[in-house]
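Take a look at the structure below.
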Amino acid sequence: MKPIKATTHDTDALVELGRASVQIVHDLKNQVNGLKLYATFLRKRMEKSERPADELETINKIMAGLERTAADMNTLVRFGRPLELQRQPRLDLAALLAAATEGDFAPQGEGDGAYRGEFDAPLLSDALKSIHASARQLAAKDASPDINLRRQENGDGGETGATSSALIEWRGIRADADNDIFNSFNGGAGLRLALAAKVIHAHGGAVEQASDALRVRLPLGNDER
């Protein structure tokens with residue numbers, strides 16, 4: 001599915017449609033959460049009355065579908081609203097990345113404090129999780145992407161001195177160069193990637209897709225080493 005592209009004459013209409021859609025989706029999400037409660041009640045009743053296995057399997061599939069739908073709706077609502085970062089100073093990006101990738105990345109080299117900066121830990125962690133999940137989907141079968149984190153020094157930074165950034169790479173993937181996965185809005189995964197990119201940009205960073213890698217750049221503190 002190709003992303004919808006706005007033209008100059010319909011941009012305002014799309015903005016208004018987006019605002020209305022976010023409110024509608026918010027209301028629908030509440031309704032879906034209500035259905036989840038009813039489904040949970042029915043499953044507990046069925047388990048107590050020893051209903052046939054196929055009936056329990058059906059109700060479990062219904063609940064799983066409702067949970068996926070509610071999660072996608074929540075992502076859409078979050079994407080459609082302005083981000084309000086709650087930055088914390090001296091957070092270790094290497095530790096956040098290690099937690100977000102659940103053991104697929106182990107910090108090494110550079111030394112303690114090399115990747116500290118001001119980040120919104122919950123938002124950035126969710127963004128890294130979404131990117132990692134997509135990288136795993138794009139990796140070769142039965143293989144995990146190779147995750148690399150390194151520090152870069154970026155010029156003299158003018159009056160404030162040299163600036164530093166962190167480059168995170170997920171290598172060993174296969175991506176279509178003509179399809180920007182960070183802007184595809186293709187299903188729930190595409191929406192989560194779009195939200196992840198929005199979070200990275202809000203931190204002053206950038207995302208990039210290559211045919212064999214996904215990259216994230218984030219600014220670091222200048223005096224954190």
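Ordering of the structure tokens sets the chain letters (A, B, ...), residue numbers begin anew at 1 in every chain, and ligands are numbered from 1 in the order given.
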
Need to verify the contact set: A:Leu218, 9 Å, only C-alpha atoms, exclusion of same-chain residues closer than 4 positions in sequence. Can you return it as a compact mmCIF listing (two decimals) with N, CA and C atoms, in the first residue's frame?
# COMPACT_ATOMS: atom_id res chain seq x y z
N GLY A 117 22.92 11.99 27.45
CA GLY A 117 22.28 13.17 26.89
C GLY A 117 20.95 13.41 27.55
N SER A 164 28.46 16.72 19.74
CA SER A 164 28.60 15.27 19.65
C SER A 164 27.24 14.64 19.37
N SER A 165 27.27 13.51 18.68
CA SER A 165 26.03 12.78 18.42
C SER A 165 26.31 11.28 18.48
N ALA A 166 25.25 10.53 18.61
CA ALA A 166 25.33 9.07 18.60
C ALA A 166 24.71 8.56 17.31
N LEU A 167 25.37 7.60 16.69
CA LEU A 167 24.84 6.95 15.49
C LEU A 167 24.54 5.51 15.84
N ILE A 168 23.27 5.14 15.68
CA ILE A 168 22.83 3.76 15.88
C ILE A 168 22.52 3.16 14.52
N ILE A 200 12.20 10.70 17.32
CA ILE A 200 13.62 10.96 17.08
C ILE A 200 13.81 12.41 16.63
N HIS A 201 12.97 12.88 15.71
CA HIS A 201 13.07 14.26 15.23
C HIS A 201 12.85 15.26 16.37
N HIS A 203 13.66 14.95 19.34
CA HIS A 203 14.88 14.99 20.14
C HIS A 203 16.02 15.70 19.41
N GLY A 204 15.74 16.22 18.22
CA GLY A 204 16.78 16.87 17.43
C GLY A 204 17.60 15.90 16.62
N GLY A 205 17.10 14.68 16.45
CA GLY A 205 17.82 13.65 15.71
C GLY A 205 17.27 13.43 14.32
N ALA A 206 17.69 12.32 13.72
CA ALA A 206 17.27 12.01 12.35
C ALA A 206 17.24 10.50 12.18

Near-A:Arg215 list (8 Å; only C-alpha atoms; drop same-chain fewer than 6 positions) as a tab-separated table (two decimals) with N, CA and C atoms, in the first residue's frame:
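around_21.tsv written:
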chain	number	residue	atom	x	y	z
A	167	LEU	N	25.37	7.60	16.69
A	167	LEU	CA	24.84	6.95	15.49
A	167	LEU	C	24.54	5.51	15.84
A	168	ILE	N	23.27	5.14	15.68
A	168	ILE	CA	22.83	3.76	15.88
A	168	ILE	C	22.52	3.16	14.52
A	169	GLU	N	23.06	1.98	14.26
A	169	GLU	CA	22.80	1.30	12.99
A	169	GLU	C	22.30	-0.11	13.24
A	170	TRP	N	21.27	-0.47	12.51
A	170	TRP	CA	20.82	-1.86	12.45
A	170	TRP	C	21.26	-2.38	11.07
A	207	VAL	N	16.41	10.04	11.24
A	207	VAL	CA	16.35	8.63	10.87
A	207	VAL	C	16.70	8.50	9.41
A	208	GLU	N	17.23	7.35	9.05
A	208	GLU	CA	17.63	7.12	7.67
A	208	GLU	C	17.48	5.64	7.33
A	209	GLN	N	17.02	5.37	6.12
A	209	GLN	CA	16.90	4.01	5.64
A	209	GLN	C	17.84	3.80	4.46

**OP:** For atom CA of A:Pro122 and atom CA of A:Asn74, determine how far apart the two atoms are, in Å to one decimal place.
**Re:** 15.4 Å

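Among A:Lys44, A:Gln31, A:Arg90, A:Ala98, the residue with the shortest atom-to-atom distance to A:Thr69, counting only C-alpha atoms, is A:Gln31.
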
Subject >> Sel. of strand (DSSP E or B) residues, stretch 136-181 of chain A, as a list in words >> reply: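 Taking stretch 136-181 of chain A and keeping strand (DSSP E or B) gives Ala139, Asp146, Ile147, Asn148, Leu149, Arg150, Arg151, Gln152, Glu153, Ser164, Ser165, Ala166, Leu167, Ile168, Glu169, Trp170, Arg171 and Ile173 of chain A.
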
Could you take the residues named above and write them with C-alpha atoms, as a PDB file, in the first residue's frame?
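Just written: result.pdb:
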ATOM      1  CA  ALA A 139      16.676  -9.212   8.528  1.00  0.00           C
ATOM      2  CA  ASP A 146      23.741  -6.415  13.783  1.00  0.00           C
ATOM      3  CA  ILE A 147      23.318  -3.368  16.042  1.00  0.00           C
ATOM      4  CA  ASN A 148      26.144  -0.853  16.215  1.00  0.00           C
ATOM      5  CA  LEU A 149      26.395   2.286  18.361  1.00  0.00           C
ATOM      6  CA  ARG A 150      29.185   4.814  17.995  1.00  0.00           C
ATOM      7  CA  ARG A 151      29.906   8.390  18.962  1.00  0.00           C
ATOM      8  CA  GLN A 152      30.598  11.079  16.378  1.00  0.00           C
ATOM      9  CA  GLU A 153      32.097  14.542  16.790  1.00  0.00           C
ATOM     10  CA  SER A 164      28.600  15.271  19.645  1.00  0.00           C
ATOM     11  CA  SER A 165      26.034  12.776  18.420  1.00  0.00           C
ATOM     12  CA  ALA A 166      25.335   9.071  18.604  1.00  0.00           C
ATOM     13  CA  LEU A 167      24.845   6.953  15.494  1.00  0.00           C
ATOM     14  CA  ILE A 168      22.833   3.759  15.884  1.00  0.00           C
ATOM     15  CA  GLU A 169      22.799   1.303  12.993  1.00  0.00           C
ATOM     16  CA  TRP A 170      20.816  -1.863  12.446  1.00  0.00           C
ATOM     17  CA  ARG A 171      22.848  -3.674   9.780  1.00  0.00           C
ATOM     18  CA  ILE A 173      18.625  -5.992   6.649  1.00  0.00           C
TER      19      ILE A 173
END
